[in-house]
>>> print(open('query_24.tsv').read())   # TSV, C-alpha atoms
chain	number	residue	atom	x	y	z
A	1	MET	CA	-1.49	128.79	-43.61
A	2	THR	CA	0.60	126.08	-45.22
A	3	ASP	CA	4.14	124.84	-44.66
A	4	GLU	CA	5.11	126.61	-47.89
A	5	THR	CA	3.77	129.94	-46.59
A	6	TYR	CA	5.88	129.80	-43.45
A	7	MET	CA	8.91	128.52	-45.36
A	8	ARG	CA	8.66	131.57	-47.62
A	9	GLU	CA	9.00	133.70	-44.48
A	10	ALA	CA	12.13	131.75	-43.56
A	11	ILE	CA	13.49	132.16	-47.09
A	12	ALA	CA	12.98	135.93	-46.85
A	13	LEU	CA	15.08	135.89	-43.67
A	14	ALA	CA	17.73	133.78	-45.42
A	15	ARG	CA	17.91	136.43	-48.14
A	16	ARG	CA	18.44	139.05	-45.44
A	17	ALA	CA	21.32	136.98	-44.07
A	18	ALA	CA	22.90	136.81	-47.53
A	19	SER	CA	22.53	140.58	-47.94
A	20	GLU	CA	24.55	140.94	-44.72
A	21	ASP	CA	27.19	138.51	-46.03
A	22	GLU	CA	26.05	135.72	-43.72
A	23	VAL	CA	25.35	132.14	-44.82
A	24	PRO	CA	21.75	132.37	-46.06
A	25	VAL	CA	19.75	130.44	-43.50
A	26	GLY	CA	16.49	131.71	-42.06
A	27	ALA	CA	14.07	130.31	-39.49
A	28	VAL	CA	10.65	131.08	-38.07
A	29	VAL	CA	8.88	129.51	-35.09
A	30	VAL	CA	5.11	129.20	-35.38
A	31	CYS	CA	2.65	128.58	-32.57
A	32	ASP	CA	-1.14	128.60	-32.93
A	33	GLY	CA	-0.81	129.86	-36.50
A	34	LYS	CA	1.32	132.89	-35.57
A	35	ILE	CA	5.01	133.53	-36.09
A	36	ILE	CA	6.43	134.05	-32.59
A	37	GLY	CA	10.15	133.85	-33.37
A	38	ARG	CA	12.32	134.85	-36.29
A	39	GLY	CA	16.00	134.41	-36.92
A	40	TYR	CA	18.67	134.38	-39.57
A	41	ASN	CA	22.35	133.53	-39.42
A	42	ARG	CA	24.36	136.24	-37.65
A	43	VAL	CA	27.56	134.34	-36.84
A	44	GLU	CA	29.83	136.83	-38.61
A	45	SER	CA	28.12	140.05	-37.55
A	46	LEU	CA	27.77	139.04	-33.89
A	47	LYS	CA	31.10	137.16	-33.86
A	48	ASP	CA	29.20	134.35	-32.14
A	49	PRO	CA	29.44	130.72	-33.29
A	50	THR	CA	26.02	130.01	-31.74
A	51	ALA	CA	24.22	132.76	-33.68
A	52	HIS	CA	22.54	130.33	-36.08
A	53	ALA	CA	19.08	131.10	-37.46
A	54	GLU	CA	17.42	128.34	-35.43
A	55	VAL	CA	18.97	129.38	-32.12
A	56	ILE	CA	17.99	133.02	-32.64
A	57	ALA	CA	14.42	132.07	-33.62
A	58	VAL	CA	14.05	129.68	-30.66
A	59	ARG	CA	15.32	132.35	-28.24
A	60	ALA	CA	12.82	134.86	-29.64
A	61	ALA	CA	9.97	132.35	-29.38
A	62	ALA	CA	10.87	131.46	-25.79
A	63	GLU	CA	10.94	135.13	-24.88
A	64	HIS	CA	7.55	135.63	-26.56
A	65	LEU	CA	6.03	132.71	-24.64
A	66	GLY	CA	7.75	133.59	-21.38
A	67	GLY	CA	9.35	130.17	-20.99
A	68	TRP	CA	11.81	127.83	-22.63
A	69	ARG	CA	9.41	124.98	-23.48
A	70	LEU	CA	8.16	125.36	-27.04
A	71	SER	CA	5.66	122.49	-26.95
A	72	GLY	CA	2.99	122.99	-29.59
A	73	CYS	CA	5.36	124.96	-31.85
A	74	THR	CA	6.83	124.26	-35.28
A	75	ILE	CA	10.10	125.64	-36.61
A	76	TYR	CA	10.58	126.28	-40.32
A	77	VAL	CA	14.20	126.54	-41.39
A	78	THR	CA	15.68	126.82	-44.85
A	79	LYS	CA	18.49	124.30	-44.23
A	80	GLU	CA	18.66	121.07	-42.27
A	81	PRO	CA	19.90	121.83	-38.74
A	82	CYS	CA	23.47	121.21	-37.64
A	83	PRO	CA	24.21	119.19	-34.48
A	84	MET	CA	23.99	122.26	-32.23
A	85	CYS	CA	20.69	123.39	-33.68
A	86	ALA	CA	19.22	119.88	-33.67
A	87	GLY	CA	20.07	119.69	-29.97
A	88	THR	CA	18.47	123.08	-29.41
A	89	LEU	CA	15.24	121.83	-30.96
A	90	VAL	CA	15.20	118.76	-28.73
A	91	MET	CA	16.03	120.77	-25.60
A	92	SER	CA	13.34	123.37	-26.35
A	93	ARG	CA	10.71	120.61	-26.72
A	94	ILE	CA	9.61	121.96	-30.09
A	95	ASP	CA	7.04	119.63	-31.67
A	96	ARG	CA	7.91	119.82	-35.33
A	97	LEU	CA	10.76	120.74	-37.68
A	98	VAL	CA	10.13	121.65	-41.32
A	99	PHE	CA	13.23	122.29	-43.41
A	100	GLY	CA	14.09	122.98	-47.03
A	101	ALA	CA	17.63	122.10	-48.10
A	102	PRO	CA	19.29	118.92	-46.85
A	103	ASP	CA	22.85	119.24	-45.54
A	104	ALA	CA	25.02	116.26	-46.45
A	105	LYS	CA	27.96	117.57	-44.38
A	106	LEU	CA	26.31	118.76	-41.16
A	107	GLY	CA	22.65	117.71	-41.25
A	108	TYR	CA	21.45	116.20	-37.99
A	109	ALA	CA	17.76	115.72	-38.76
A	110	VAL	CA	18.01	113.17	-41.58
A	111	SER	CA	21.26	113.38	-43.56
A	112	LEU	CA	24.09	112.36	-41.20
A	113	ASN	CA	22.16	111.59	-38.07
A	114	ASN	CA	18.63	111.88	-36.75
A	115	THR	CA	19.25	113.60	-33.44
A	116	VAL	CA	15.84	115.27	-33.39
A	117	ALA	CA	14.01	111.91	-33.48
A	118	ASP	CA	16.44	109.80	-31.44
A	119	ALA	CA	14.31	107.65	-29.13
A	120	ARG	CA	17.11	107.60	-26.55
A	121	LEU	CA	16.54	111.28	-25.84
A	122	ASN	CA	13.82	112.69	-23.62
A	123	HIS	CA	12.02	114.41	-26.52
A	124	GLN	CA	11.58	113.68	-30.22
A	125	VAL	CA	10.76	116.18	-32.95
A	126	GLU	CA	8.58	115.32	-35.95
A	127	VAL	CA	10.41	116.12	-39.21
A	128	THR	CA	9.13	117.23	-42.59
A	129	ALA	CA	11.99	117.59	-45.08
A	130	GLY	CA	12.28	119.18	-48.50
A	131	VAL	CA	9.72	122.01	-48.32
A	132	LEU	CA	10.72	124.53	-51.03
A	133	ALA	CA	14.05	122.73	-51.16
A	134	ASP	CA	14.95	123.92	-54.66
A	135	GLU	CA	14.68	127.56	-53.63
A	136	ALA	CA	16.59	127.00	-50.39
A	137	VAL	CA	19.36	125.06	-52.16
A	138	ALA	CA	19.65	127.76	-54.84
A	139	LEU	CA	20.14	130.45	-52.18
A	140	LEU	CA	22.99	128.50	-50.61
A	141	GLN	CA	24.61	127.61	-53.94
A	142	ASP	CA	24.44	131.21	-55.18
A	143	PHE	CA	25.95	132.50	-51.95
A	144	PHE	CA	28.88	130.08	-51.94
A	145	ARG	CA	29.44	130.48	-55.69
A	146	SER	CA	29.84	134.23	-55.12
A	147	LYS	CA	32.55	133.50	-52.51
A	148	ARG	CA	34.72	131.49	-54.88
>>> encode(input="query_24.tsv", output="structure tokens")
Amino acid sequence: MTDETYMREAIALARRAASEDEVPVGAVVVCDGKIIGRGYNRVESLKDPTAHAEVIAVRAAAEHLGGWRLSGCTIYVTKEPCPMCAGTLVMSRIDRLVFGAPDAKLGYAVSLNNTVADARLNHQVEVTAGVLADEAVALLQDFFRSKR
């Protein structure tokens, strides 16, 4: 499967988030060609500021693997991770991050900072940016336009 195939799975989860009136961000964790973790934003429904798509997907993947180290895994997320989520990726030892939409206000993979690849940390994450970015950006723009 390709990066685009897995990103389409993340986009489907982002659409689910939007249908539940959550910011449309979705994430999947892939290991050995299989999706082992899925998540979408649930901050509002769970009343939990940590219930971001990436955190939920990483937790599900760790549970699936029976441990917190996600070495050998890739996460696909529709929007560039925030500082909390970037830290989660580093701490989980995930190998690779693939994201769609950049985030000029909170992006901590390339836009504002590069936490996931900071050589001062004990782990660095390889980054591929811009996969299906137009579709991911459109989802976010449509959601926020509907709120105004």
>>> residues_around(input="query_24.tsv", residues="Val43 in chain A", least_positions_apart="5", cutoff="12 Å", atoms="all atoms listed in the file", output="number ranges by chain")
A: 17-18, 20-25, 48-56
>>> residues_around(input="query_24.tsv", residues="Arg93 in chain A", least_positions_apart="3", cutoff="6 Å", atoms="only C-alpha atoms", output="mmCIF file with C-alpha atoms, in the frame of the given file")
data_model
loop_
_atom_site.group_PDB
_atom_site.id
_atom_site.type_symbol
_atom_site.label_atom_id
_atom_site.label_comp_id
_atom_site.auth_asym_id
_atom_site.auth_seq_id
_atom_site.Cartn_x
_atom_site.Cartn_y
_atom_site.Cartn_z
ATOM 1 C CA ARG A 69 9.410 124.980 -23.480
ATOM 2 C CA LEU A 70 8.160 125.360 -27.040
ATOM 3 C CA SER A 71 5.660 122.490 -26.950
ATOM 4 C CA VAL A 90 15.200 118.760 -28.730
#
>>> residues_around(input="query_24.tsv", residues="Glu135 in chain A", least_positions_apart="6", cutoff="12 Å", atoms="all atoms listed in the file", output="ChimeraX atom specification")
/A:4,7-8,10-12,14-15,24-25,78-79,99-102,141-142
>>> closest_residue(input="query_24.tsv", among="A:Leu112, A:Ala104, A:Ile35, A:Met91", to="Val125 in chain A", atoms="all atoms listed in the file")
A:Met91
>>> atom_distance(input="query_24.tsv", atom1="CA of Arg38 in chain A", atom2="CA of Lys105 in chain A")
24.7 Å
>>> closest_residue(input="query_24.tsv", among="A:Ala86, A:Leu97, A:Ala109, A:Ala138", to="Cys73 in chain A", atoms="all atoms listed in the file")
A:Leu97
>>> residues_around(input="query_24.tsv", residues="Asn122 in chain A", least_positions_apart="2", cutoff="12 Å", atoms="only C-alpha atoms", output="list in words")
Gly87, Leu89, Val90, Met91, Ser92, Arg93, Thr115, Val116, Ala117, Asp118, Ala119, Arg120, Gln124 and Val125 of chain A
>>> residues_around(input="query_24.tsv", residues="Val98 in chain A", least_positions_apart="2", cutoff="6 Å", atoms="all atoms listed in the file", output="PyMOL selection string")
chain A and resi 76+127-129
